[in-house]
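Peer 1: The structure under discussion is supplied below as structure tokens; questions concerning it will follow.
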Amino acid sequence: MEGNGFPQGFLWGAATASAQVEGGWNEGGRTPSIWDVASPKKIKHGENCHTASDHFHHWKEDVALMKEIGLKSYRFSVSWSRVMPEEGKINPEGIAFYKNLVHELVEAGIEPLVTIYHWDMPVWVHKMGGWRSKKIVPLFEEYTKVVVDALSDQVTWWMTMNEPQCFILNGYMAGQHAPFEHAVLEMSKILENTMLAHAAAANAIRANAKKPPKVGIAMATGCFVPENETPEAIQKSYHDTFEKGMGAVSNALWMEPMLAGRPSKAFGVYKVNEATAKAAHVPLDFVGINVYQPMNTSEWGGDGKPQKPGAPKTAMGWTVDGRVLYWTARFLYERYHLPIMVTENGMAENDFICLDGKVHDGMRIDFLHRYLRELKRACDEGIPVLGYQHWSLMDNFEWAEGYDPRFGLIYVDFETGKRTLKDSAYEYAEVIRSNGSTL
Ligand code: GBH
């Protein structure tokens, strides 16, 4: 135990994604994404993301708020159809939006962390077959190069994609996310296309970046939390984290090929063969981990012991247990030896503006402490953790769940666009100022 806590230069930040915050869906030369054209029937109260948090118009104010919180980093994603509204066409206005944002961040002393793709596929790409088609590989590579050419004079940190697990399994298997398909029998092909597109993008970043880049990917992950800390219990959880239920289908199926070049399979029919695994594995500088809840209580392949009634949970129904952050960082580092960046962690509440005009989100403050203490333990034990990006900077469009679940450190009035820092934002500011010693 080294006990040194969070390292100097730790990237304390917050995260968003283009489709969830930007809005301005048909402005500045942008064409629609598959989420813009989602049928209202697919979204909780029939909402859409056409305006979302209106970050497209409030971006300057948003950077000022980040500065007020004292963020060291900001993770955001680029909207593919904003920078490439049609095949082969680059949109200067779209490029300018991101250049201005990055410039403003750098001026404010905030490190930009760029996700190339966070689920908002342009409709034009979807019409060409989307992730089902091999064509996605060169298209994704070309798009990545456009973004890198535009932003890499000021950007160091890159993630090729966010949670392939989710946009593929939710979008093409469960049919709960855009494009709302059920392509179970095509899954091995889709997996291959997605992984090869990631590899092509990672190589394109490395080959074209002006500033020496740090290249990674943000994985949907989590782990089975050991029942106690005996070697047997730890060993069992490690095993389950890569071989059982969610561990197999969300972690190993994707990470074995992409992070280690090893073949993988799940559900008997989903397979990534040796050749694809080798091609999917390109050297990365870090792995991004999006961590929310332990897999133990997952309805989709947990321990078969669901949450006890009244157990701590968020407005999404997700179990609150900070240990998942420590054990996920530890298990992934043990297995893949890559430095860890927490690219998402946070909770939804049904926050509202109180009579005194403030947002008293006490549960989120408690959540922050619980999870960050566990992350500190990982740092103390010498696991290289590079940063923590809270999900989310601001309330936003929670995909098929619409606008009810509020994940932000900043409250957004979706009618007026007005922003209010929640109590948790002030608390996080203290954590950042002390580099975690107030935890
Ligand atoms: C992320 O997805 C997205 O990147 C982000 O856009 C989104 O807004 C945010 O989270 C909040 O939803 O406990 O084993 O059953 C998270 C996707 C993956 C979270 C699966 C819950 C359940 C794992 N999710 N996970 S398990």
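To be explicit about the labels: the chains of the structure tokens are called A, B, and onward in the order shown, and within each one the residues are counted from 1, while ligands get numbers from 1 in the order they are shown.
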Around ligand 1, at most 7 Å away and counting only C-alpha atoms and all ligand atoms, which residues are there? Put them as a ChimeraX atom specification, please.

Peer 2: /A:17,162-163,166,220-222,246,290,292-295,297-300,302,391,398-399

Peer 1: Near region 21-37 of chain A, counting only C-alpha atoms, which residues have an atom at most 7 Å away, once you skip same-chain residues fewer than 2 positions from it, shown as a list in words?

Peer 2: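 These residues fall inside the cut-off: Thr16, Ala17, Ser18, Ala19, Ser39, Asn48, Cys49, His50, Thr51, Ala52, Ser53, Asp54, His55, Phe56, Ser81, Arg82, Pro85, Asn91, Glu93, Gly94, Asp120, Met121, Pro122, Val123, Ala178, Pro179, Asn396 and Phe397 of chain A.
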
Peer 1: For the structure I just gave you, how does DSSP split region 98-345 of chain A - specifically, which residues are strand (DSSP E)? Reply as a PDB file with all heavy atoms, in the first residue's frame.

Peer 2:
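Generated file (selection.pdb):
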```pdb
ATOM      1  N   GLU A 111      -8.374  20.417 -20.033  1.00  0.00           N
ATOM      2  CA  GLU A 111      -7.870  19.467 -21.032  1.00  0.00           C
ATOM      3  C   GLU A 111      -9.052  18.822 -21.779  1.00  0.00           C
ATOM      4  O   GLU A 111      -9.899  18.195 -21.154  1.00  0.00           O
ATOM      5  CB  GLU A 111      -7.080  18.387 -20.279  1.00  0.00           C
ATOM      6  CG  GLU A 111      -6.321  17.420 -21.123  1.00  0.00           C
ATOM      7  CD  GLU A 111      -5.070  18.021 -21.760  1.00  0.00           C
ATOM      8  OE1 GLU A 111      -4.342  18.774 -21.089  1.00  0.00           O
ATOM      9  OE2 GLU A 111      -4.859  17.723 -22.944  1.00  0.00           O
ATOM     10  N   PRO A 112      -9.108  18.964 -23.107  1.00  0.00           N
ATOM     11  CA  PRO A 112     -10.204  18.301 -23.833  1.00  0.00           C
ATOM     12  C   PRO A 112      -9.927  16.807 -24.035  1.00  0.00           C
ATOM     13  O   PRO A 112      -8.818  16.427 -24.414  1.00  0.00           O
ATOM     14  CB  PRO A 112     -10.216  19.019 -25.190  1.00  0.00           C
ATOM     15  CG  PRO A 112      -8.987  19.858 -25.260  1.00  0.00           C
ATOM     16  CD  PRO A 112      -8.238  19.765 -23.981  1.00  0.00           C
ATOM     17  N   LEU A 113     -10.937  15.991 -23.768  1.00  0.00           N
ATOM     18  CA  LEU A 113     -10.863  14.542 -24.001  1.00  0.00           C
ATOM     19  C   LEU A 113     -11.921  14.228 -25.055  1.00  0.00           C
ATOM     20  O   LEU A 113     -13.119  14.399 -24.782  1.00  0.00           O
ATOM     21  CB  LEU A 113     -11.192  13.768 -22.720  1.00  0.00           C
ATOM     22  CG  LEU A 113     -10.096  13.478 -21.685  1.00  0.00           C
ATOM     23  CD1 LEU A 113      -9.285  14.683 -21.300  1.00  0.00           C
ATOM     24  CD2 LEU A 113     -10.704  12.850 -20.436  1.00  0.00           C
ATOM     25  N   VAL A 114     -11.493  13.817 -26.232  1.00  0.00           N
ATOM     26  CA  VAL A 114     -12.440  13.719 -27.347  1.00  0.00           C
ATOM     27  C   VAL A 114     -12.834  12.272 -27.650  1.00  0.00           C
ATOM     28  O   VAL A 114     -11.977  11.427 -27.891  1.00  0.00           O
ATOM     29  CB  VAL A 114     -11.851  14.369 -28.623  1.00  0.00           C
ATOM     30  CG1 VAL A 114     -12.804  14.207 -29.805  1.00  0.00           C
ATOM     31  CG2 VAL A 114     -11.549  15.848 -28.388  1.00  0.00           C
ATOM     32  N   THR A 115     -14.138  12.025 -27.644  1.00  0.00           N
ATOM     33  CA  THR A 115     -14.667  10.740 -28.105  1.00  0.00           C
ATOM     34  C   THR A 115     -15.105  10.928 -29.548  1.00  0.00           C
ATOM     35  O   THR A 115     -15.920  11.812 -29.852  1.00  0.00           O
ATOM     36  CB  THR A 115     -15.905  10.320 -27.274  1.00  0.00           C
ATOM     37  OG1 THR A 115     -15.611  10.435 -25.894  1.00  0.00           O
ATOM     38  CG2 THR A 115     -16.314   8.887 -27.599  1.00  0.00           C
ATOM     39  N   ILE A 116     -14.568  10.121 -30.444  1.00  0.00           N
ATOM     40  CA  ILE A 116     -14.907  10.260 -31.857  1.00  0.00           C
ATOM     41  C   ILE A 116     -16.374   9.880 -32.102  1.00  0.00           C
ATOM     42  O   ILE A 116     -17.083  10.544 -32.854  1.00  0.00           O
ATOM     43  CB  ILE A 116     -13.996   9.359 -32.740  1.00  0.00           C
ATOM     44  CG1 ILE A 116     -12.510   9.662 -32.500  1.00  0.00           C
ATOM     45  CG2 ILE A 116     -14.376   9.449 -34.206  1.00  0.00           C
ATOM     46  CD1 ILE A 116     -11.976  10.877 -33.181  1.00  0.00           C
ATOM     47  N   TYR A 117     -16.830   8.816 -31.449  1.00  0.00           N
ATOM     48  CA  TYR A 117     -18.185   8.323 -31.724  1.00  0.00           C
ATOM     49  C   TYR A 117     -18.903   7.916 -30.449  1.00  0.00           C
ATOM     50  O   TYR A 117     -18.460   7.006 -29.741  1.00  0.00           O
ATOM     51  CB  TYR A 117     -18.108   7.114 -32.674  1.00  0.00           C
ATOM     52  CG  TYR A 117     -19.472   6.568 -33.042  1.00  0.00           C
ATOM     53  CD1 TYR A 117     -20.243   7.171 -34.030  1.00  0.00           C
ATOM     54  CD2 TYR A 117     -20.001   5.441 -32.396  1.00  0.00           C
ATOM     55  CE1 TYR A 117     -21.506   6.683 -34.364  1.00  0.00           C
ATOM     56  CE2 TYR A 117     -21.262   4.941 -32.722  1.00  0.00           C
ATOM     57  CZ  TYR A 117     -22.001   5.570 -33.706  1.00  0.00           C
ATOM     58  OH  TYR A 117     -23.247   5.087 -34.035  1.00  0.00           O
ATOM     59  N   TRP A 157      -5.906  13.807 -25.824  1.00  0.00           N
ATOM     60  CA  TRP A 157      -6.609  12.601 -25.374  1.00  0.00           C
ATOM     61  C   TRP A 157      -7.748  12.220 -26.313  1.00  0.00           C
ATOM     62  O   TRP A 157      -8.640  13.031 -26.569  1.00  0.00           O
ATOM     63  CB  TRP A 157      -7.167  12.824 -23.966  1.00  0.00           C
ATOM     64  CG  TRP A 157      -6.086  13.038 -22.952  1.00  0.00           C
ATOM     65  CD1 TRP A 157      -5.492  14.219 -22.626  1.00  0.00           C
ATOM     66  CD2 TRP A 157      -5.457  12.033 -22.150  1.00  0.00           C
ATOM     67  NE1 TRP A 157      -4.527  14.016 -21.657  1.00  0.00           N
ATOM     68  CE2 TRP A 157      -4.485  12.688 -21.348  1.00  0.00           C
ATOM     69  CE3 TRP A 157      -5.622  10.649 -22.026  1.00  0.00           C
ATOM     70  CZ2 TRP A 157      -3.686  11.996 -20.434  1.00  0.00           C
ATOM     71  CZ3 TRP A 157      -4.826   9.969 -21.116  1.00  0.00           C
ATOM     72  CH2 TRP A 157      -3.870  10.639 -20.336  1.00  0.00           C
ATOM     73  N   TRP A 158      -7.727  10.978 -26.781  1.00  0.00           N
ATOM     74  CA  TRP A 158      -8.709  10.509 -27.770  1.00  0.00           C
ATOM     75  C   TRP A 158      -9.311   9.177 -27.363  1.00  0.00           C
ATOM     76  O   TRP A 158      -8.590   8.275 -26.929  1.00  0.00           O
ATOM     77  CB  TRP A 158      -8.030  10.300 -29.128  1.00  0.00           C
ATOM     78  CG  TRP A 158      -7.394  11.532 -29.674  1.00  0.00           C
ATOM     79  CD1 TRP A 158      -6.099  11.950 -29.474  1.00  0.00           C
ATOM     80  CD2 TRP A 158      -8.010  12.524 -30.502  1.00  0.00           C
ATOM     81  NE1 TRP A 158      -5.877  13.133 -30.138  1.00  0.00           N
ATOM     82  CE2 TRP A 158      -7.036  13.503 -30.784  1.00  0.00           C
ATOM     83  CE3 TRP A 158      -9.283  12.659 -31.053  1.00  0.00           C
ATOM     84  CZ2 TRP A 158      -7.306  14.622 -31.573  1.00  0.00           C
ATOM     85  CZ3 TRP A 158      -9.551  13.767 -31.843  1.00  0.00           C
ATOM     86  CH2 TRP A 158      -8.563  14.736 -32.098  1.00  0.00           C
ATOM     87  N   MET A 159     -10.610   9.037 -27.559  1.00  0.00           N
ATOM     88  CA  MET A 159     -11.265   7.747 -27.455  1.00  0.00           C
ATOM     89  C   MET A 159     -11.956   7.474 -28.778  1.00  0.00           C
ATOM     90  O   MET A 159     -12.705   8.323 -29.272  1.00  0.00           O
ATOM     91  CB  MET A 159     -12.323   7.742 -26.333  1.00  0.00           C
ATOM     92  CG  MET A 159     -11.702   7.709 -24.943  1.00  0.00           C
ATOM     93  SD  MET A 159     -12.536   8.863 -23.845  1.00  0.00           S
ATOM     94  CE  MET A 159     -11.924  10.423 -24.463  1.00  0.00           C
ATOM     95  N   THR A 160     -11.696   6.331 -29.364  1.00  0.00           N
ATOM     96  CA  THR A 160     -12.283   6.030 -30.675  1.00  0.00           C
ATOM     97  C   THR A 160     -13.798   5.954 -30.602  1.00  0.00           C
ATOM     98  O   THR A 160     -14.503   6.467 -31.455  1.00  0.00           O
ATOM     99  CB  THR A 160     -11.781   4.682 -31.217  1.00  0.00           C
ATOM    100  OG1 THR A 160     -12.061   3.669 -30.229  1.00  0.00           O
ATOM    101  CG2 THR A 160     -10.283   4.717 -31.497  1.00  0.00           C
ATOM    102  N   MET A 161     -14.293   5.241 -29.574  1.00  0.00           N
ATOM    103  CA  MET A 161     -15.749   5.071 -29.469  1.00  0.00           C
ATOM    104  C   MET A 161     -16.156   4.874 -28.030  1.00  0.00           C
ATOM    105  O   MET A 161     -15.333   4.547 -27.175  1.00  0.00           O
ATOM    106  CB  MET A 161     -16.240   3.912 -30.353  1.00  0.00           C
ATOM    107  CG  MET A 161     -15.413   2.657 -30.301  1.00  0.00           C
ATOM    108  SD  MET A 161     -16.095   1.292 -31.344  1.00  0.00           S
ATOM    109  CE  MET A 161     -15.722   1.787 -33.011  1.00  0.00           C
ATOM    110  N   ASN A 162     -17.433   5.115 -27.777  1.00  0.00           N
ATOM    111  CA  ASN A 162     -17.986   4.929 -26.450  1.00  0.00           C
ATOM    112  C   ASN A 162     -18.853   3.677 -26.400  1.00  0.00           C
ATOM    113  O   ASN A 162     -19.828   3.572 -27.139  1.00  0.00           O
ATOM    114  CB  ASN A 162     -18.862   6.127 -26.062  1.00  0.00           C
ATOM    115  CG  ASN A 162     -19.472   5.939 -24.683  1.00  0.00           C
ATOM    116  OD1 ASN A 162     -18.763   6.027 -23.680  1.00  0.00           O
ATOM    117  ND2 ASN A 162     -20.762   5.655 -24.615  1.00  0.00           N
ATOM    118  N   LYS A 214      -2.671  10.487 -26.910  1.00  0.00           N
ATOM    119  CA  LYS A 214      -2.960   9.377 -26.004  1.00  0.00           C
ATOM    120  C   LYS A 214      -4.239   8.755 -26.535  1.00  0.00           C
ATOM    121  O   LYS A 214      -5.289   9.422 -26.562  1.00  0.00           O
ATOM    122  CB  LYS A 214      -3.218   9.889 -24.583  1.00  0.00           C
ATOM    123  CG  LYS A 214      -2.030  10.625 -23.978  1.00  0.00           C
ATOM    124  CD  LYS A 214      -1.087   9.639 -23.350  1.00  0.00           C
ATOM    125  CE  LYS A 214       0.032  10.362 -22.602  1.00  0.00           C
ATOM    126  NZ  LYS A 214       1.200   9.492 -22.429  1.00  0.00           N
ATOM    127  N   VAL A 215      -4.153   7.516 -26.958  1.00  0.00           N
ATOM    128  CA  VAL A 215      -5.272   6.878 -27.649  1.00  0.00           C
ATOM    129  C   VAL A 215      -5.906   5.796 -26.784  1.00  0.00           C
ATOM    130  O   VAL A 215      -5.199   4.948 -26.225  1.00  0.00           O
ATOM    131  CB  VAL A 215      -4.797   6.252 -28.985  1.00  0.00           C
ATOM    132  CG1 VAL A 215      -5.977   5.690 -29.763  1.00  0.00           C
ATOM    133  CG2 VAL A 215      -4.030   7.265 -29.823  1.00  0.00           C
ATOM    134  N   GLY A 216      -7.231   5.830 -26.709  1.00  0.00           N
ATOM    135  CA  GLY A 216      -7.940   4.812 -25.938  1.00  0.00           C
ATOM    136  C   GLY A 216      -9.332   4.578 -26.478  1.00  0.00           C
ATOM    137  O   GLY A 216      -9.674   4.980 -27.599  1.00  0.00           O
ATOM    138  N   ILE A 217     -10.135   3.918 -25.678  1.00  0.00           N
ATOM    139  CA  ILE A 217     -11.539   3.638 -26.010  1.00  0.00           C
ATOM    140  C   ILE A 217     -12.279   3.668 -24.680  1.00  0.00           C
ATOM    141  O   ILE A 217     -11.669   3.387 -23.638  1.00  0.00           O
ATOM    142  CB  ILE A 217     -11.659   2.258 -26.700  1.00  0.00           C
ATOM    143  CG1 ILE A 217     -13.126   1.908 -27.010  1.00  0.00           C
ATOM    144  CG2 ILE A 217     -11.032   1.132 -25.862  1.00  0.00           C
ATOM    145  CD1 ILE A 217     -13.288   0.669 -27.896  1.00  0.00           C
ATOM    146  N   ALA A 218     -13.559   4.040 -24.703  1.00  0.00           N
ATOM    147  CA  ALA A 218     -14.342   4.015 -23.464  1.00  0.00           C
ATOM    148  C   ALA A 218     -15.225   2.772 -23.469  1.00  0.00           C
ATOM    149  O   ALA A 218     -16.078   2.607 -24.341  1.00  0.00           O
ATOM    150  CB  ALA A 218     -15.190   5.272 -23.334  1.00  0.00           C
ATOM    151  N   MET A 219     -14.984   1.897 -22.533  1.00  0.00           N
ATOM    152  CA  MET A 219     -15.710   0.634 -22.467  1.00  0.00           C
ATOM    153  C   MET A 219     -16.854   0.706 -21.456  1.00  0.00           C
ATOM    154  O   MET A 219     -16.681   1.240 -20.355  1.00  0.00           O
ATOM    155  CB  MET A 219     -14.764  -0.485 -22.003  1.00  0.00           C
ATOM    156  CG  MET A 219     -13.705  -0.866 -23.004  1.00  0.00           C
ATOM    157  SD  MET A 219     -14.462  -1.884 -24.305  1.00  0.00           S
ATOM    158  CE  MET A 219     -12.985  -2.421 -25.182  1.00  0.00           C
ATOM    159  N   ALA A 220     -17.983   0.095 -21.806  1.00  0.00           N
ATOM    160  CA  ALA A 220     -19.034  -0.140 -20.808  1.00  0.00           C
ATOM    161  C   ALA A 220     -18.526  -1.287 -19.961  1.00  0.00           C
ATOM    162  O   ALA A 220     -18.239  -2.360 -20.471  1.00  0.00           O
ATOM    163  CB  ALA A 220     -20.335  -0.543 -21.475  1.00  0.00           C
ATOM    164  N   THR A 221     -18.360  -1.041 -18.689  1.00  0.00           N
ATOM    165  CA  THR A 221     -17.800  -2.137 -17.898  1.00  0.00           C
ATOM    166  C   THR A 221     -18.360  -2.157 -16.490  1.00  0.00           C
ATOM    167  O   THR A 221     -19.397  -1.557 -16.199  1.00  0.00           O
ATOM    168  CB  THR A 221     -16.248  -2.099 -17.945  1.00  0.00           C
ATOM    169  OG1 THR A 221     -15.737  -3.234 -17.258  1.00  0.00           O
ATOM    170  CG2 THR A 221     -15.692  -0.837 -17.332  1.00  0.00           C
ATOM    171  N   SER A 264     -12.868 -14.398 -28.762  1.00  0.00           N
ATOM    172  CA  SER A 264     -13.841 -14.435 -27.671  1.00  0.00           C
ATOM    173  C   SER A 264     -15.169 -14.947 -28.200  1.00  0.00           C
ATOM    174  O   SER A 264     -15.398 -14.986 -29.411  1.00  0.00           O
ATOM    175  CB  SER A 264     -14.028 -13.029 -27.103  1.00  0.00           C
ATOM    176  OG  SER A 264     -14.545 -12.170 -28.113  1.00  0.00           O
ATOM    177  N   LYS A 265     -16.040 -15.316 -27.284  1.00  0.00           N
ATOM    178  CA  LYS A 265     -17.402 -15.693 -27.690  1.00  0.00           C
ATOM    179  C   LYS A 265     -18.372 -15.489 -26.539  1.00  0.00           C
ATOM    180  O   LYS A 265     -17.964 -15.360 -25.383  1.00  0.00           O
ATOM    181  CB  LYS A 265     -17.448 -17.137 -28.192  1.00  0.00           C
ATOM    182  CG  LYS A 265     -16.889 -18.194 -27.263  1.00  0.00           C
ATOM    183  CD  LYS A 265     -17.046 -19.545 -27.967  1.00  0.00           C
ATOM    184  CE  LYS A 265     -16.694 -20.727 -27.088  1.00  0.00           C
ATOM    185  NZ  LYS A 265     -15.317 -20.809 -26.607  1.00  0.00           N
ATOM    186  N   ALA A 266     -19.658 -15.422 -26.921  1.00  0.00           N
ATOM    187  CA  ALA A 266     -20.707 -15.310 -25.902  1.00  0.00           C
ATOM    188  C   ALA A 266     -21.999 -15.852 -26.481  1.00  0.00           C
ATOM    189  O   ALA A 266     -22.161 -15.889 -27.715  1.00  0.00           O
ATOM    190  CB  ALA A 266     -20.883 -13.853 -25.470  1.00  0.00           C
ATOM    191  N   TYR A 270     -22.242 -15.793 -30.689  1.00  0.00           N
ATOM    192  CA  TYR A 270     -21.452 -14.592 -30.963  1.00  0.00           C
ATOM    193  C   TYR A 270     -19.975 -14.964 -30.870  1.00  0.00           C
ATOM    194  O   TYR A 270     -19.515 -15.379 -29.818  1.00  0.00           O
ATOM    195  CB  TYR A 270     -21.737 -13.489 -29.942  1.00  0.00           C
ATOM    196  CG  TYR A 270     -23.151 -12.965 -29.944  1.00  0.00           C
ATOM    197  CD1 TYR A 270     -24.119 -13.483 -30.785  1.00  0.00           C
ATOM    198  CD2 TYR A 270     -23.502 -11.924 -29.091  1.00  0.00           C
ATOM    199  CE1 TYR A 270     -25.417 -12.990 -30.770  1.00  0.00           C
ATOM    200  CE2 TYR A 270     -24.791 -11.421 -29.066  1.00  0.00           C
ATOM    201  CZ  TYR A 270     -25.746 -11.967 -29.911  1.00  0.00           C
ATOM    202  OH  TYR A 270     -27.012 -11.479 -29.883  1.00  0.00           O
ATOM    203  N   LYS A 271     -19.272 -14.767 -31.978  1.00  0.00           N
ATOM    204  CA  LYS A 271     -17.872 -15.201 -31.981  1.00  0.00           C
ATOM    205  C   LYS A 271     -16.965 -14.163 -32.609  1.00  0.00           C
ATOM    206  O   LYS A 271     -17.290 -13.578 -33.635  1.00  0.00           O
ATOM    207  CB  LYS A 271     -17.737 -16.481 -32.806  1.00  0.00           C
ATOM    208  CG  LYS A 271     -18.325 -17.706 -32.138  1.00  0.00           C
ATOM    209  CD  LYS A 271     -17.827 -18.976 -32.831  1.00  0.00           C
ATOM    210  CE  LYS A 271     -18.355 -20.215 -32.126  1.00  0.00           C
ATOM    211  NZ  LYS A 271     -19.759 -20.527 -32.448  1.00  0.00           N
ATOM    212  N   VAL A 272     -15.806 -13.963 -32.000  1.00  0.00           N
ATOM    213  CA  VAL A 272     -14.757 -13.174 -32.628  1.00  0.00           C
ATOM    214  C   VAL A 272     -13.589 -14.129 -32.818  1.00  0.00           C
ATOM    215  O   VAL A 272     -13.047 -14.662 -31.836  1.00  0.00           O
ATOM    216  CB  VAL A 272     -14.341 -11.976 -31.751  1.00  0.00           C
ATOM    217  CG1 VAL A 272     -13.262 -11.162 -32.455  1.00  0.00           C
ATOM    218  CG2 VAL A 272     -15.544 -11.101 -31.422  1.00  0.00           C
ATOM    219  N   VAL A 287      -7.148   2.546 -21.135  1.00  0.00           N
ATOM    220  CA  VAL A 287      -8.513   2.082 -21.372  1.00  0.00           C
ATOM    221  C   VAL A 287      -9.449   2.940 -20.530  1.00  0.00           C
ATOM    222  O   VAL A 287      -9.192   3.184 -19.344  1.00  0.00           O
ATOM    223  CB  VAL A 287      -8.701   0.573 -21.113  1.00  0.00           C
ATOM    224  CG1 VAL A 287      -8.327   0.162 -19.695  1.00  0.00           C
ATOM    225  CG2 VAL A 287     -10.152   0.159 -21.413  1.00  0.00           C
ATOM    226  N   GLY A 288     -10.489   3.444 -21.187  1.00  0.00           N
ATOM    227  CA  GLY A 288     -11.513   4.214 -20.481  1.00  0.00           C
ATOM    228  C   GLY A 288     -12.529   3.250 -19.908  1.00  0.00           C
ATOM    229  O   GLY A 288     -12.945   2.301 -20.585  1.00  0.00           O
ATOM    230  N   ILE A 289     -12.911   3.486 -18.649  1.00  0.00           N
ATOM    231  CA  ILE A 289     -13.922   2.605 -18.051  1.00  0.00           C
ATOM    232  C   ILE A 289     -15.134   3.429 -17.616  1.00  0.00           C
ATOM    233  O   ILE A 289     -15.003   4.423 -16.922  1.00  0.00           O
ATOM    234  CB  ILE A 289     -13.350   1.746 -16.894  1.00  0.00           C
ATOM    235  CG1 ILE A 289     -12.856   2.583 -15.709  1.00  0.00           C
ATOM    236  CG2 ILE A 289     -12.206   0.858 -17.405  1.00  0.00           C
ATOM    237  CD1 ILE A 289     -12.466   1.756 -14.471  1.00  0.00           C
ATOM    238  N   ASN A 290     -16.302   3.004 -18.088  1.00  0.00           N
ATOM    239  CA  ASN A 290     -17.562   3.607 -17.661  1.00  0.00           C
ATOM    240  C   ASN A 290     -18.155   2.650 -16.637  1.00  0.00           C
ATOM    241  O   ASN A 290     -18.463   1.507 -16.966  1.00  0.00           O
ATOM    242  CB  ASN A 290     -18.530   3.749 -18.839  1.00  0.00           C
ATOM    243  CG  ASN A 290     -18.025   4.712 -19.910  1.00  0.00           C
ATOM    244  OD1 ASN A 290     -16.970   5.331 -19.750  1.00  0.00           O
ATOM    245  ND2 ASN A 290     -18.762   4.833 -20.991  1.00  0.00           N
ATOM    246  N   VAL A 291     -18.268   3.102 -15.405  1.00  0.00           N
ATOM    247  CA  VAL A 291     -18.636   2.190 -14.319  1.00  0.00           C
ATOM    248  C   VAL A 291     -19.804   2.756 -13.522  1.00  0.00           C
ATOM    249  O   VAL A 291     -19.754   3.901 -13.054  1.00  0.00           O
ATOM    250  CB  VAL A 291     -17.437   1.978 -13.366  1.00  0.00           C
ATOM    251  CG1 VAL A 291     -17.820   1.032 -12.230  1.00  0.00           C
ATOM    252  CG2 VAL A 291     -16.234   1.419 -14.116  1.00  0.00           C
ATOM    253  N   ILE A 340      -5.640   3.240 -16.517  1.00  0.00           N
ATOM    254  CA  ILE A 340      -7.102   3.354 -16.468  1.00  0.00           C
ATOM    255  C   ILE A 340      -7.515   4.825 -16.438  1.00  0.00           C
ATOM    256  O   ILE A 340      -6.969   5.612 -15.663  1.00  0.00           O
ATOM    257  CB  ILE A 340      -7.623   2.708 -15.151  1.00  0.00           C
ATOM    258  CG1 ILE A 340      -7.172   1.247 -15.019  1.00  0.00           C
ATOM    259  CG2 ILE A 340      -9.128   2.906 -15.005  1.00  0.00           C
ATOM    260  CD1 ILE A 340      -7.976   0.247 -15.743  1.00  0.00           C
ATOM    261  N   MET A 341      -8.482   5.175 -17.267  1.00  0.00           N
ATOM    262  CA  MET A 341      -9.136   6.485 -17.145  1.00  0.00           C
ATOM    263  C   MET A 341     -10.606   6.193 -16.851  1.00  0.00           C
ATOM    264  O   MET A 341     -11.253   5.470 -17.619  1.00  0.00           O
ATOM    265  CB  MET A 341      -9.024   7.249 -18.470  1.00  0.00           C
ATOM    266  CG  MET A 341      -9.823   8.542 -18.524  1.00  0.00           C
ATOM    267  SD  MET A 341      -9.022   9.903 -17.679  1.00  0.00           S
ATOM    268  CE  MET A 341      -7.863  10.414 -18.969  1.00  0.00           C
ATOM    269  N   VAL A 342     -11.118   6.714 -15.745  1.00  0.00           N
ATOM    270  CA  VAL A 342     -12.560   6.563 -15.512  1.00  0.00           C
ATOM    271  C   VAL A 342     -13.242   7.565 -16.441  1.00  0.00           C
ATOM    272  O   VAL A 342     -13.165   8.776 -16.218  1.00  0.00           O
ATOM    273  CB  VAL A 342     -12.945   6.801 -14.039  1.00  0.00           C
ATOM    274  CG1 VAL A 342     -14.458   6.628 -13.850  1.00  0.00           C
ATOM    275  CG2 VAL A 342     -12.177   5.843 -13.133  1.00  0.00           C
ATOM    276  N   THR A 343     -13.855   7.062 -17.495  1.00  0.00           N
ATOM    277  CA  THR A 343     -14.444   7.955 -18.495  1.00  0.00           C
ATOM    278  C   THR A 343     -15.908   8.285 -18.187  1.00  0.00           C
ATOM    279  O   THR A 343     -16.454   9.228 -18.753  1.00  0.00           O
ATOM    280  CB  THR A 343     -14.295   7.351 -19.907  1.00  0.00           C
ATOM    281  OG1 THR A 343     -14.442   5.932 -19.831  1.00  0.00           O
ATOM    282  CG2 THR A 343     -12.922   7.649 -20.487  1.00  0.00           C
ATOM    283  N   GLU A 344     -16.539   7.497 -17.312  1.00  0.00           N
ATOM    284  CA  GLU A 344     -17.892   7.817 -16.831  1.00  0.00           C
ATOM    285  C   GLU A 344     -18.133   7.153 -15.492  1.00  0.00           C
ATOM    286  O   GLU A 344     -17.749   5.995 -15.289  1.00  0.00           O
ATOM    287  CB  GLU A 344     -18.988   7.290 -17.785  1.00  0.00           C
ATOM    288  CG  GLU A 344     -19.154   8.065 -19.052  1.00  0.00           C
ATOM    289  CD  GLU A 344     -20.282   7.516 -19.935  1.00  0.00           C
ATOM    290  OE1 GLU A 344     -21.235   6.907 -19.407  1.00  0.00           O
ATOM    291  OE2 GLU A 344     -20.181   7.702 -21.153  1.00  0.00           O
TER     292      GLU A 344
END
```

Peer 1: Show which residues sit within 12 Å of Arg364 (chain A), as a PyMOL selection string. Count only C-alpha atoms, and ignore same-chain residues fewer than 2 positions away.

Peer 2: chain A and resi 313-315+320+345-351+359-362+366-372+390-392+406-410+422-428

Peer 1: Listing only residues of region 321-417 of chain A within 10 Å of region 62-72 of chain A, what is the closest atom pair and its distance in Å (to one decimal) for each, using only C-alpha atoms, sorted by chain and residue number ascending, as JSON lines?

Peer 2:
```
{"residue": "A:Gly387", "atom": "CA", "partner": "A:Lys72", "partner_atom": "CA", "distance": 9.3}
{"residue": "A:Tyr388", "atom": "CA", "partner": "A:Lys72", "partner_atom": "CA", "distance": 9.9}
{"residue": "A:Gln389", "atom": "CA", "partner": "A:Leu71", "partner_atom": "CA", "distance": 9.4}
{"residue": "A:Leu393", "atom": "CA", "partner": "A:Met66", "partner_atom": "CA", "distance": 8.1}
{"residue": "A:Met394", "atom": "CA", "partner": "A:Asp62", "partner_atom": "CA", "distance": 9.0}
{"residue": "A:Leu409", "atom": "CA", "partner": "A:Ile69", "partner_atom": "CA", "distance": 9.5}
{"residue": "A:Ile410", "atom": "CA", "partner": "A:Leu65", "partner_atom": "CA", "distance": 8.6}
```
